[in-house]
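Participant: File name run-v9.txt; file contents compact mmCIF, C-alpha atoms; full text below.
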```txt
# COMPACT_ATOMS: atom_id res chain seq x y z
CA MET V 164 -35.71 -15.23 -3.84
CA THR V 165 -34.05 -16.08 -7.11
CA GLU V 166 -30.51 -14.97 -7.82
CA SER V 167 -31.56 -12.12 -10.10
CA ALA V 168 -34.21 -10.95 -7.61
CA GLU V 169 -31.52 -10.94 -4.92
CA ARG V 170 -29.21 -8.86 -7.10
CA ILE V 171 -31.95 -6.33 -7.91
CA ALA V 172 -32.87 -6.05 -4.23
CA THR V 173 -29.23 -5.53 -3.23
CA ASN V 174 -28.85 -2.69 -5.73
CA LEU V 175 -32.07 -0.96 -4.68
CA ARG V 176 -31.30 -1.29 -0.95
CA LYS V 177 -27.98 0.46 -1.48
CA GLY V 178 -29.73 3.61 -2.64
CA VAL V 179 -32.47 3.76 0.00
CA LEU V 180 -30.91 2.32 3.18
CA GLU V 181 -29.54 5.64 4.36
CA PHE V 182 -32.99 7.25 4.10
CA CYS V 183 -34.71 4.34 5.80
CA VAL V 184 -32.31 4.87 8.72
CA LEU V 185 -33.25 8.56 8.73
CA GLY V 186 -36.94 7.67 8.56
CA LEU V 187 -36.74 5.29 11.53
CA LEU V 188 -34.72 7.78 13.57
CA GLY V 189 -37.16 10.54 12.56
CA ALA V 190 -39.90 8.65 14.39
CA ASN V 191 -37.82 7.72 17.41
CA GLU V 192 -34.23 7.70 18.63
CA ARG V 193 -32.80 4.18 18.58
CA TYR V 194 -29.68 2.30 19.70
CA GLY V 195 -27.63 0.20 17.31
CA LEU V 196 -29.13 -3.23 17.95
CA GLU V 197 -32.68 -1.84 17.76
CA LEU V 198 -32.01 -0.18 14.44
CA ALA V 199 -30.19 -3.22 13.03
CA SER V 200 -32.95 -5.66 14.07
CA GLU V 201 -35.67 -3.44 12.65
CA LEU V 202 -33.93 -2.99 9.30
CA GLN V 203 -33.14 -6.69 9.02
CA GLY V 204 -36.70 -7.60 9.97
CA ARG V 205 -37.93 -5.45 7.10
CA GLY V 206 -35.45 -7.03 4.71
CA LEU V 207 -33.59 -3.76 4.14
CA ILE V 208 -30.14 -5.03 5.15
CA ALA V 209 -28.66 -8.45 4.45
CA SER V 210 -26.51 -8.52 7.60
CA GLU V 211 -26.66 -6.32 10.68
CA GLY V 212 -22.94 -5.51 10.78
CA SER V 213 -22.96 -3.47 7.57
CA LEU V 214 -25.20 -0.89 9.28
CA TYR V 215 -22.40 0.44 11.51
CA PRO V 216 -20.02 1.82 8.86
CA LEU V 217 -23.06 3.57 7.35
CA LEU V 218 -23.98 5.11 10.72
CA ALA V 219 -20.39 6.29 11.24
CA ARG V 220 -20.42 8.00 7.86
CA MET V 221 -23.86 9.59 8.45
CA ARG V 222 -22.69 10.86 11.80
CA GLU V 223 -19.63 12.41 10.23
CA GLY V 224 -21.86 13.96 7.58
CA GLY V 225 -24.00 15.56 10.30
CA LEU V 226 -27.20 13.68 9.38
CA VAL V 227 -27.41 11.86 12.69
CA ASP V 228 -26.08 12.51 16.15
CA THR V 229 -25.48 10.31 19.17
CA ARG V 230 -26.41 10.47 22.80
CA THR V 231 -24.92 8.19 25.42
CA GLU V 232 -27.03 6.97 28.30
CA ALA V 233 -26.00 4.76 31.19
CA ILE V 234 -28.32 1.79 31.38
CA GLY V 235 -28.65 -0.95 34.00
CA GLY V 236 -25.29 -2.16 35.28
CA GLY V 237 -23.70 1.22 34.55
CA ARG V 238 -23.00 0.22 30.95
CA PRO V 239 -23.19 3.16 28.53
CA ARG V 240 -25.49 2.73 25.53
CA ARG V 241 -25.23 4.89 22.44
CA TYR V 242 -28.49 6.21 21.01
CA TYR V 243 -28.72 7.60 17.51
CA THR V 244 -30.87 10.67 16.86
CA ILE V 245 -31.73 12.54 13.68
CA THR V 246 -30.40 16.09 13.18
CA THR V 247 -32.05 19.03 11.44
CA ALA V 248 -29.88 18.42 8.39
CA GLY V 249 -30.99 14.76 8.53
CA ARG V 250 -34.68 15.76 8.54
CA GLU V 251 -34.14 18.03 5.54
CA GLN V 252 -32.43 15.16 3.68
CA LEU V 253 -35.32 12.87 4.57
CA ASP V 254 -37.90 15.37 3.23
CA THR V 255 -35.95 15.80 0.01
CA PHE V 256 -35.69 12.04 -0.39
CA ALA V 257 -39.41 11.58 0.26
CA ALA V 258 -40.30 14.03 -2.53
CA VAL V 259 -37.88 12.40 -4.99
CA TRP V 260 -39.02 8.90 -4.02
CA ARG V 261 -42.73 9.69 -4.48
CA ALA V 262 -42.21 11.30 -7.88
CA MET V 263 -39.89 8.58 -9.11
CA GLY V 264 -41.98 5.78 -7.59
CA ALA V 265 -45.08 7.11 -9.37
CA GLU V 266 -43.25 7.17 -12.72
CA VAL V 267 -41.80 3.69 -12.20
CA ASP V 268 -45.23 2.36 -11.25
CA ALA V 269 -46.81 3.95 -14.32
CA ILE V 270 -44.22 2.41 -16.60
CA ILE V 271 -44.44 -1.04 -15.02
CA GLU V 272 -48.22 -1.04 -15.12
CA GLY V 273 -48.18 0.18 -18.73
CA THR V 274 -45.95 -2.67 -19.89
CA SER V 275 -47.44 -5.51 -17.89
CA MET Q 5 -10.52 -15.90 23.64
CA THR Q 6 -14.23 -15.90 22.94
CA THR Q 7 -16.19 -15.83 19.69
CA LYS Q 8 -16.93 -12.18 20.37
CA ASP Q 9 -13.29 -11.19 20.92
CA ASP Q 10 -12.24 -13.13 17.83
CA TYR Q 11 -14.89 -11.38 15.80
CA LEU Q 12 -14.05 -7.86 17.01
CA ARG Q 13 -10.33 -8.43 16.55
CA SER Q 14 -10.91 -9.66 13.03
CA VAL Q 15 -13.04 -6.62 12.16
CA GLU Q 16 -10.45 -4.30 13.67
CA ARG Q 17 -7.70 -5.85 11.57
CA MET Q 18 -9.73 -5.56 8.38
CA LEU Q 19 -10.62 -1.94 9.09
CA SER Q 20 -6.96 -0.95 9.34
CA GLY Q 21 -7.25 0.95 6.04
CA ILE Q 22 -9.84 3.47 7.22
CA ALA Q 23 -9.32 6.53 9.42
CA PRO Q 24 -8.86 5.73 13.15
CA GLU Q 25 -11.88 7.78 14.30
CA HIS Q 26 -14.22 5.85 11.98
CA ARG Q 27 -12.68 2.55 12.98
CA THR Q 28 -13.21 3.38 16.64
CA ALA Q 29 -16.83 4.42 16.03
CA VAL Q 30 -17.66 1.18 14.21
CA LEU Q 31 -15.96 -0.98 16.84
CA GLU Q 32 -17.72 0.81 19.70
CA ASP Q 33 -21.07 0.25 18.00
CA LEU Q 34 -20.27 -3.42 17.48
CA ARG Q 35 -19.35 -3.81 21.18
CA GLY Q 36 -22.64 -2.15 22.10
CA HIS Q 37 -24.46 -4.45 19.70
CA PHE Q 38 -22.90 -7.51 21.38
CA ALA Q 39 -23.70 -6.23 24.87
CA ASP Q 40 -27.34 -5.44 24.03
CA ALA Q 41 -27.84 -8.72 22.19
CA GLU Q 42 -26.32 -10.68 25.09
CA ASP Q 43 -28.65 -8.88 27.49
CA ALA Q 44 -31.51 -9.95 25.26
CA GLY Q 45 -30.35 -13.54 25.69
CA ARG Q 46 -29.01 -14.20 22.23
CA PRO Q 47 -26.11 -16.69 22.13
CA ALA Q 48 -22.75 -15.41 20.87
CA ASP Q 49 -22.58 -17.47 17.70
CA GLU Q 50 -26.06 -16.34 16.71
CA ILE Q 51 -25.04 -12.70 17.24
CA THR Q 52 -21.96 -13.04 15.02
CA ARG Q 53 -24.06 -14.84 12.37
CA GLY Q 54 -26.54 -12.00 12.39
CA LEU Q 55 -23.78 -9.40 12.06
CA GLY Q 56 -22.36 -11.11 8.98
CA ALA Q 57 -18.76 -11.79 8.03
CA PRO Q 58 -16.12 -9.26 9.19
CA ARG Q 59 -15.17 -8.96 5.53
CA GLU Q 60 -18.67 -7.63 4.70
CA ILE Q 61 -18.35 -4.91 7.35
CA ALA Q 62 -14.89 -3.99 6.04
CA ASP Q 63 -16.19 -3.84 2.45
CA ARG Q 64 -19.06 -1.63 3.51
CA ALA Q 65 -16.64 0.64 5.40
CA VAL Q 66 -14.45 1.01 2.33
CA GLU Q 67 -17.62 1.83 0.36
CA GLU Q 68 -18.68 4.47 2.90
CA PHE Q 69 -15.23 5.95 3.44
CA GLY Q 70 -13.89 5.01 0.03
CA ALA Q 71 -12.46 8.42 -0.65
CA ASP Q 72 -10.74 8.27 2.70
CA ALA Q 73 -9.11 4.87 2.23
CA GLY Q 74 -8.18 5.83 -1.31
CA ALA Q 75 -6.52 9.02 -0.13
CA THR Q 76 -4.37 7.16 2.42
CA ASP Q 77 -3.29 4.75 -0.25
CA ALA Q 78 -2.55 7.47 -2.79
CA ARG Q 79 -0.34 9.26 -0.24
CA ALA Q 80 1.64 6.09 0.46
CA GLU Q 81 1.95 5.46 -3.27
CA ARG Q 82 3.20 8.97 -3.96
CA ALA Q 83 5.65 9.01 -1.04
CA TRP Q 84 7.07 5.68 -2.12
CA ARG Q 85 7.38 6.75 -5.76
CA VAL Q 86 9.19 9.97 -4.86
CA LEU Q 87 11.69 8.24 -2.54
CA GLN Q 88 12.33 5.16 -4.66
CA GLY Q 89 12.49 7.34 -7.79
CA ALA Q 90 15.03 9.59 -6.08
CA ALA Q 91 17.09 6.51 -5.16
CA VAL Q 92 17.14 5.41 -8.82
CA ALA Q 93 17.92 8.89 -10.16
CA LEU Q 94 20.72 9.37 -7.65
CA ALA Q 95 22.18 5.94 -8.42
CA VAL Q 96 22.24 6.83 -12.13
CA ILE Q 97 23.92 10.19 -11.54
CA ILE Q 98 26.44 8.77 -9.08
CA GLY Q 99 27.08 5.77 -11.35
CA VAL Q 100 27.80 8.01 -14.33
CA VAL Q 101 30.05 10.31 -12.31
CA VAL Q 102 31.93 7.40 -10.75
CA ALA Q 103 32.42 5.61 -14.06
CA PHE Q 104 33.13 8.44 -16.45
CA ILE Q 105 34.14 11.57 -14.60
CA LEU Q 106 35.69 10.80 -11.23
CA PRO Q 107 39.46 10.37 -11.26
CA SER Q 108 39.76 7.07 -9.42
CA TYR Q 109 43.25 6.01 -10.47
CA TYR Q 110 46.46 7.94 -9.98
CA VAL Q 111 48.98 7.04 -12.62
CA ALA Q 112 52.61 7.96 -12.30
CA VAL Q 113 54.32 8.72 -15.58
CA ASP Q 114 58.07 9.20 -15.85
CA ALA Q 115 58.89 11.38 -18.77
CA MET Q 116 62.35 11.89 -20.23
CA SER Q 117 62.91 15.39 -21.37
CA SER Q 118 65.44 16.50 -23.96
CA ASP Q 119 68.13 17.29 -21.42
CA ARG Q 120 67.95 13.70 -20.15
CA THR Q 121 66.48 14.56 -16.78
CA SER Q 122 63.58 12.52 -15.68
CA THR Q 123 60.47 14.32 -14.55
CA HIS Q 124 57.82 12.59 -12.54
CA VAL Q 125 54.30 13.43 -13.58
CA ASP Q 126 51.14 12.30 -11.82
CA THR Q 127 48.10 12.01 -13.99
CA THR Q 128 44.73 10.56 -13.18
CA GLN Q 129 42.45 8.20 -15.00
CA THR Q 130 38.76 7.62 -14.67
CA LEU Q 131 37.32 4.17 -14.09
CA ILE Q 132 36.39 3.76 -17.74
CA GLU Q 133 39.84 4.84 -18.93
CA ALA Q 134 41.54 2.46 -16.57
CA ASN Q 135 39.33 -0.60 -16.83
CA GLY Q 136 37.25 -0.25 -19.94
CA LEU Q 137 33.56 0.01 -20.61
CA TRP Q 138 32.34 -3.20 -19.00
CA VAL Q 139 33.92 -2.53 -15.63
CA ALA Q 140 32.59 1.02 -15.76
CA LEU Q 141 29.10 -0.34 -16.33
CA ILE Q 142 29.28 -2.08 -12.95
CA ALA Q 143 28.86 1.39 -11.50
CA LEU Q 144 25.37 1.43 -12.98
CA VAL Q 145 24.28 -1.83 -11.32
CA PRO Q 146 22.96 -0.05 -8.17
CA ALA Q 147 20.64 1.99 -10.39
CA LEU Q 148 19.25 -1.20 -11.91
CA ILE Q 149 18.73 -2.77 -8.48
CA ALA Q 150 16.91 0.33 -7.25
CA LEU Q 151 14.74 0.28 -10.38
CA VAL Q 152 13.46 -3.29 -9.90
CA PRO Q 153 10.83 -2.45 -7.19
CA MET Q 154 9.37 0.17 -9.56
CA VAL Q 155 8.59 -2.36 -12.28
CA VAL Q 156 7.34 -5.35 -10.26
CA PRO Q 157 3.58 -5.79 -9.64
CA ARG Q 158 2.15 -3.89 -6.70
CA ARG Q 159 1.65 -6.93 -4.47
CA ALA Q 160 5.37 -7.76 -4.70
CA ARG Q 161 6.38 -4.17 -4.00
CA THR Q 162 7.07 -4.38 -0.27
CA ALA Q 163 9.28 -7.44 -0.70
CA ALA Q 164 11.06 -6.04 -3.76
CA THR Q 165 11.73 -2.70 -2.05
CA ALA Q 166 13.13 -4.49 1.02
CA VAL Q 167 15.34 -6.82 -1.03
CA ALA Q 168 16.64 -3.93 -3.16
CA ALA Q 169 17.47 -1.87 -0.05
CA ALA Q 170 19.27 -4.84 1.56
CA LEU Q 171 21.21 -5.63 -1.63
CA LEU Q 172 22.27 -2.00 -2.06
CA THR Q 173 23.38 -1.88 1.56
CA ALA Q 174 25.47 -5.02 1.09
CA MET Q 175 27.02 -3.60 -2.10
CA ALA Q 176 27.84 -0.29 -0.49
CA PHE Q 177 29.65 -1.98 2.37
CA VAL Q 178 31.39 -4.66 0.32
CA GLY Q 179 32.43 -1.94 -2.13
CA GLY Q 180 33.58 -0.10 0.97
CA PHE Q 181 35.75 2.89 0.39
CA THR Q 182 36.28 2.36 -3.32
CA ILE Q 183 33.11 3.02 -5.26
CA GLY Q 184 30.66 1.40 -2.85
CA GLY Q 185 30.70 4.35 -0.47
CA PHE Q 186 29.48 6.70 -3.16
CA PHE Q 187 26.16 4.87 -3.24
CA LEU Q 188 25.29 5.37 0.44
CA PRO Q 189 22.76 8.14 -0.41
CA THR Q 190 20.92 5.65 -2.66
CA VAL Q 191 20.98 3.11 0.17
CA MET Q 192 19.47 5.63 2.59
CA LEU Q 193 16.74 6.63 0.14
CA GLY Q 194 15.93 2.97 -0.49
CA TRP Q 195 15.33 2.30 3.22
CA ALA Q 196 13.34 5.53 3.56
CA ALA Q 197 11.13 4.39 0.65
CA LEU Q 198 10.49 1.05 2.34
CA ILE Q 199 9.65 2.54 5.73
CA SER Q 200 7.33 5.18 4.20
CA TRP Q 201 5.52 2.62 2.06
CA VAL Q 202 4.88 0.27 4.99
CA ARG Q 203 4.06 2.92 7.64
CA LEU Q 204 1.85 5.24 5.60
CA ARG Q 205 -0.61 2.46 4.78
CA ARG Q 206 -0.90 1.57 8.47
CA SER Q 207 -0.81 4.07 11.29
CA GLY Q 208 1.28 6.78 9.60
CA PHE Q 209 4.02 8.87 11.17
CA GLY Q 210 3.37 10.54 14.51
CA ILE Q 211 5.19 13.03 16.71
CA THR Q 212 7.86 10.49 17.72
CA TRP Q 213 8.93 9.98 14.11
CA ARG Q 214 9.08 13.73 13.52
CA ILE Q 215 11.26 14.28 16.59
CA VAL Q 216 13.57 11.48 15.45
CA GLY Q 217 13.73 13.17 12.03
CA GLY Q 218 14.63 16.49 13.66
CA VAL Q 219 17.31 14.91 15.87
CA LEU Q 220 18.84 13.01 12.93
CA THR Q 221 18.92 16.28 10.95
CA ALA Q 222 20.71 18.08 13.77
CA LEU Q 223 23.22 15.31 14.57
CA PRO Q 224 25.84 16.19 11.92
CA VAL Q 225 25.66 19.86 12.94
CA LEU Q 226 26.32 18.91 16.56
CA GLY Q 227 29.21 16.82 15.22
CA PHE Q 228 30.70 19.98 13.72
CA LEU Q 229 30.11 22.06 16.82
CA LEU Q 230 31.52 19.59 19.36
CA PRO Q 231 35.20 20.13 18.46
CA VAL Q 232 34.58 23.88 18.63
CA PHE Q 233 32.80 24.10 21.97
CA GLY Q 234 34.15 20.92 23.47
CA GLY Q 235 37.44 22.74 23.77
CA MET Q 236 39.18 19.49 22.97
CA PRO Q 237 41.30 20.32 19.94
CA GLY Q 238 41.85 24.01 20.56
CA ARG Q 239 43.64 24.51 17.29
CA TYR Q 240 40.44 23.82 15.37
CA ALA Q 241 38.60 26.52 17.22
CA ASP Q 242 41.03 29.38 16.79
CA GLY Q 243 41.62 28.46 13.19
CA ALA Q 244 45.39 28.86 13.40
CA ALA Q 245 45.98 25.33 12.20
CA GLY Q 246 43.91 22.42 10.96
CA SER Q 247 42.01 24.70 8.69
CA ASP Q 248 40.15 21.66 7.30
CA PHE Q 249 37.87 21.72 10.30
CA GLN Q 250 37.58 25.44 10.74
CA ILE Q 251 34.06 26.75 10.48
CA SER Q 252 34.19 29.64 8.10
CA ALA Q 253 32.19 32.84 8.32
CA TRP Q 254 29.40 31.56 6.06
CA GLY Q 255 29.45 28.22 7.84
CA TRP Q 256 27.89 29.56 11.03
CA PRO Q 257 24.65 30.84 9.52
CA PHE Q 258 24.47 27.64 7.46
CA LEU Q 259 24.74 25.37 10.51
CA ALA Q 260 22.25 27.57 12.37
CA ALA Q 261 19.84 27.32 9.43
CA VAL Q 262 20.06 23.51 9.49
CA LEU Q 263 19.34 23.52 13.24
CA VAL Q 264 16.28 25.71 12.64
CA LEU Q 265 15.14 23.32 9.91
CA ALA Q 266 15.57 20.39 12.31
CA VAL Q 267 13.27 22.07 14.83
CA VAL Q 268 10.67 22.97 12.19
CA ILE Q 269 10.73 19.37 10.92
CA ALA Q 270 10.07 18.10 14.45
CA VAL Q 271 7.13 20.51 14.68
CA GLY Q 272 5.80 19.07 11.44
CA TYR Q 273 5.95 21.66 8.64
CA ARG Q 274 6.39 20.00 5.28
CA THR Q 275 8.22 22.90 3.61
CA ALA Q 276 11.19 22.44 5.95
CA GLY Q 277 11.60 18.96 4.46
CA TRP Q 278 11.76 20.29 0.91
CA VAL Q 279 14.30 22.95 1.91
CA LEU Q 280 16.51 20.42 3.71
CA ALA Q 281 16.27 18.05 0.74
CA ALA Q 282 17.32 20.85 -1.62
CA ILE Q 283 20.32 21.68 0.60
CA GLY Q 284 21.31 18.01 0.65
CA LEU Q 285 20.99 17.72 -3.13
CA VAL Q 286 23.08 20.83 -3.79
CA MET Q 287 25.83 19.55 -1.46
CA LEU Q 288 25.75 16.15 -3.12
CA VAL Q 289 26.00 17.50 -6.66
CA TRP Q 290 28.68 19.97 -5.67
CA ALA Q 291 30.73 17.22 -4.03
CA LEU Q 292 30.33 14.95 -7.05
CA VAL Q 293 31.63 17.51 -9.53
CA SER Q 294 34.32 19.04 -7.31
CA GLY Q 295 36.28 15.80 -6.96
CA GLU Q 296 38.02 16.94 -3.80
CA LEU Q 297 39.40 14.66 -1.15
CA LEU Q 298 36.69 15.31 1.40
CA ALA Q 299 34.05 14.90 -1.30
CA LEU Q 300 32.92 11.50 -0.07
CA LEU Q 301 32.08 12.91 3.37
CA VAL Q 302 30.09 15.73 1.78
CA ILE Q 303 28.28 13.19 -0.43
CA TRP Q 304 27.27 11.23 2.65
CA LEU Q 305 26.17 14.33 4.50
CA GLY Q 306 24.25 15.63 1.46
CA GLY Q 307 22.60 12.23 1.02
CA TRP Q 308 21.72 12.14 4.71
CA TRP Q 309 19.93 15.49 4.59
CA LEU Q 310 18.39 14.77 1.20
CA THR Q 311 16.90 11.53 2.54
CA ILE Q 312 15.55 12.98 5.78
CA GLY Q 313 14.22 16.11 4.07
CA LEU Q 314 12.54 14.25 1.23
CA ALA Q 315 11.09 11.58 3.51
CA HIS Q 316 9.66 14.26 5.81
CA ALA Q 317 8.25 16.30 2.93
CA VAL Q 318 6.33 13.39 1.44
CA THR Q 319 5.16 11.73 4.66
CA ALA Q 320 4.25 14.68 6.91
CA SER Q 321 0.52 15.19 7.23
CA ARG Q 322 -1.54 18.36 7.64
CA ARG Q 323 0.78 21.34 7.97
CA PRO Q 324 2.04 22.90 4.69
```
Would it be possible to restate this file's structure as structure tokens?
Facilitator:
Amino acid sequence: MTESAERIATNLRKGVLEFCVLGLLGANERYGLELASELQGRGLIASEGSLYPLLARMREGGLVDTRTEAIGGGRPRRYYTITTAGREQLDTFAAVWRAMGAEVDAIIEGTS
Amino acid sequence: MTTKDDYLRSVERMLSGIAPEHRTAVLEDLRGHFADAEDAGRPADEITRGLGAPREIADRAVEEFGADAGATDARAERAWRVLQGAAVALAVIIGVVVAFILPSYYVAVDAMSSDRTSTHVDTTQTLIEANGLWVALIALVPALIALVPMVVPRRARTAATAVAAALLTAMAFVGGFTIGGFFLPTVMLGWAALISWVRLRRSGFGITWRIVGGVLTALPVLGFLLPVFGGMPGRYADGAAGSDFQISAWGWPFLAAVLVLAVVIAVGYRTAGWVLAAIGLVMLVWALVSGELLALLVIWLGGWWLTIGLAHAVTASRRP
């Protein structure tokens, strides 16, 4: 990716990352590493570590919740789940994204 | 010390600006991330590379909790400004009083009257009358020293505040019982400003600090009461002699009120700090204009309560 493409991607990711987290959790509860690997694999975060402050803020905002489960070796693992408020946010985002995406597409296709 | 410990410690240090519960949540998630990645067989240095630099996590945290970190900082800024500003204002007032108003020199004048008898008259002179303008201006030096931290750039603030407090302390003690002692309230406020500035941007003030504040508030009161209840100098208690130390009728409710304030400060209500500060200020101003012999003691006591009260009022969290 060129430098300007990288900058554009960084700016766009900032706006949508939170909703991608909600989308992934909407399909299935996930633990931190799972979520981080998935988002990085899809190119939605540059580094895995930056996910955790976002999760802490979303949890405080009541969009996600956590559930702790003891896994092999007695070690507790924290799973993130989506809340009702989180689902509502995700639906609102989906509507906005579709409408805006359609307009952006129309403009780009009109000019190119 | 492993790569993982180094990494977590570094993140923890960089997250010191955000609220403890968020810091804990992020660190717990990172520990879980390490544990799960290790279980999956990823080597430690690859895990830390994937997580990104601790600085990036800290930046993201400030972005997410920006309002939070900003609020902590604004509180420290305000507390520091109030205390350091009070130190400057007090140094100006005390400097002016010491230089221009306070009678610091007793001058004996022998006057010959018409019937050739000599009468001995004591008059007083202020510092400026006795020594001239330039010497009197020395009394304003503490105000200038206290002002310096307020005009230096922010990154030099901690150092400047510390140096100013140390210099003022040295001046007050070198000046001793001449004019130096008058500036003790400024010295106390200077140290309070430094401690508040440093603490509020880190872990803040907990219950221990509040109890210390309450005890320090009550100490002078206990000092008054000891001679009364200690039974030691009986003459003070029955008020027959040594009337200097007698606690007058209005004195009892006053001392009781200060004790109540001390308790409320320890509990954590901010208003008690303002009230105590106001009491201290009134005593200080009264002592400065009264010019009595015991005035210096009252100035110290007023400064003591002003400092504790003000520091509590601007640093206490939560309760009104």
Participant: Using all atoms listed in the file, find the residues of chain Q whose closest atom to chain V is at most 8 Å away, then write them as JSON, numbers by chain.
Facilitator: {"Q": [26, 29, 30, 33, 34, 36, 37, 40, 41, 54, 55, 56, 58, 60, 61, 64, 65, 68, 69]}
Participant: In the coordinate frame of the file, compute which residues have an atom within 8 Å of (17.0, 16.6, 3.3) when using all atoms listed in the file, and state them as a list in words.
Facilitator: Thr221, Gly277, Trp278, Val279, Leu280, Ala281, Ala282, Ile283, Gly284, Leu285, Gly306, Gly307, Trp308, Trp309, Leu310, Thr311, Ile312, Gly313, Leu314 and Ala315 of chain Q
Participant: Go ahead and compute the interatomic distance for atom CA of Q:Leu226 and atom CA of Q:Leu305, in Å to one decimal.
Facilitator: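 Atom-to-atom, atom CA of Q:Leu226 and atom CA of Q:Leu305 are spaced 12.9 Å apart.
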Participant: Take atom CA of V:Gly206 and atom CA of V:Leu180 and report the distance between them in Å, one decimal.
Facilitator: 10.5 Å
Participant: Which neighbours of V:Val227 fall inside 9 Å, counting all atoms listed in the file, when residues of the same chain fewer than 5 positions from it are skipped, and could you give them as a ChimeraX atom specification?
Facilitator: /V:185,188,218,221-222,243-249
Participant: What is the atom CA of Q:Val289-atom CA of Q:Ala143 distance in Å, reported with one decimal?
Facilitator: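 Computed distance, atom CA of Q:Val289 to atom CA of Q:Ala143, equals 17.1 Å.
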Participant: Might you pull out every residue within 9 Å of Q:Gly89, with only C-alpha atoms counted and same-chain residues fewer than 5 positions away left off, and present them as a VMD selection string?
Facilitator: chain Q and resid 84 94 150 to 151 154
Participant: Can I get the selected residues back with C-alpha atoms, as a CSV table (one decimal), in the frame of the given file?
Facilitator:
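Result file follows (part_7.csv):
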```csv
chain,number,residue,atom,x,y,z
Q,84,TRP,CA,7.1,5.7,-2.1
Q,94,LEU,CA,20.7,9.4,-7.6
Q,150,ALA,CA,16.9,0.3,-7.2
Q,151,LEU,CA,14.7,0.3,-10.4
Q,154,MET,CA,9.4,0.2,-9.6
```
Participant: Determine, counting all atoms listed in the file, which protein, DNA and RNA residues have an atom within 7 Å of an atom of Q:Phe187; residues of the same chain fewer than 4 positions away are not included. Present the result as number ranges by chain.
Facilitator: Q: 95, 176, 191
Participant: Which one of Q:Trp256, Q:Gly185, Q:Ala320, Q:Phe228 sits closest to Q:Trp304 if you count all atoms listed in the file?
Facilitator: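 The answer is Q:Gly185, which sits nearest to Q:Trp304.
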Participant: Any idea what's packed within 12 Å of V:Val179, counting all atoms listed in the file, ignoring anything in its chain fewer than 6 positions away? Could you give it as JSON, numbers by chain?
Facilitator: {"V": [172, 173, 185, 186, 202, 207, 208, 217, 252, 253, 256, 257, 259, 260]}
Participant: Mind rebuilding stretch 241-253 of chain V with N, CA and C atoms and writing that out as a PDB file, in the coordinates of the input?
Facilitator:
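Wrote it out as out.pdb, contents follow:
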```
ATOM      1  N   ARG V 241     -25.229   3.769  23.375  1.00  0.00           N
ATOM      2  CA  ARG V 241     -25.230   4.890  22.440  1.00  0.00           C
ATOM      3  C   ARG V 241     -26.515   4.916  21.637  1.00  0.00           C
ATOM      4  N   TYR V 242     -27.258   6.015  21.777  1.00  0.00           N
ATOM      5  CA  TYR V 242     -28.490   6.210  21.010  1.00  0.00           C
ATOM      6  C   TYR V 242     -28.228   7.101  19.813  1.00  0.00           C
ATOM      7  N   TYR V 243     -28.815   6.750  18.696  1.00  0.00           N
ATOM      8  CA  TYR V 243     -28.720   7.600  17.510  1.00  0.00           C
ATOM      9  C   TYR V 243     -29.968   8.457  17.380  1.00  0.00           C
ATOM     10  N   THR V 244     -29.750   9.738  17.064  1.00  0.00           N
ATOM     11  CA  THR V 244     -30.870  10.670  16.860  1.00  0.00           C
ATOM     12  C   THR V 244     -30.710  11.354  15.511  1.00  0.00           C
ATOM     13  N   ILE V 245     -31.803  11.849  14.975  1.00  0.00           N
ATOM     14  CA  ILE V 245     -31.730  12.540  13.680  1.00  0.00           C
ATOM     15  C   ILE V 245     -31.443  14.015  13.934  1.00  0.00           C
ATOM     16  N   THR V 246     -30.685  14.656  13.047  1.00  0.00           N
ATOM     17  CA  THR V 246     -30.400  16.090  13.180  1.00  0.00           C
ATOM     18  C   THR V 246     -31.311  16.871  12.248  1.00  0.00           C
ATOM     19  N   THR V 247     -31.236  18.196  12.331  1.00  0.00           N
ATOM     20  CA  THR V 247     -32.050  19.030  11.440  1.00  0.00           C
ATOM     21  C   THR V 247     -31.661  18.778   9.986  1.00  0.00           C
ATOM     22  N   ALA V 248     -30.358  18.699   9.752  1.00  0.00           N
ATOM     23  CA  ALA V 248     -29.880  18.420   8.390  1.00  0.00           C
ATOM     24  C   ALA V 248     -30.413  17.062   7.925  1.00  0.00           C
ATOM     25  N   GLY V 249     -30.467  16.092   8.851  1.00  0.00           N
ATOM     26  CA  GLY V 249     -30.990  14.760   8.530  1.00  0.00           C
ATOM     27  C   GLY V 249     -32.450  14.822   8.135  1.00  0.00           C
ATOM     28  N   ARG V 250     -33.242  15.627   8.870  1.00  0.00           N
ATOM     29  CA  ARG V 250     -34.680  15.760   8.540  1.00  0.00           C
ATOM     30  C   ARG V 250     -34.872  16.377   7.162  1.00  0.00           C
ATOM     31  N   GLU V 251     -34.050  17.393   6.862  1.00  0.00           N
ATOM     32  CA  GLU V 251     -34.140  18.030   5.540  1.00  0.00           C
ATOM     33  C   GLU V 251     -33.844  17.021   4.442  1.00  0.00           C
ATOM     34  N   GLN V 252     -32.786  16.211   4.650  1.00  0.00           N
ATOM     35  CA  GLN V 252     -32.430  15.160   3.680  1.00  0.00           C
ATOM     36  C   GLN V 252     -33.600  14.210   3.495  1.00  0.00           C
ATOM     37  N   LEU V 253     -34.211  13.827   4.618  1.00  0.00           N
ATOM     38  CA  LEU V 253     -35.320  12.870   4.570  1.00  0.00           C
ATOM     39  C   LEU V 253     -36.493  13.426   3.770  1.00  0.00           C
TER      40      LEU V 253
END
```
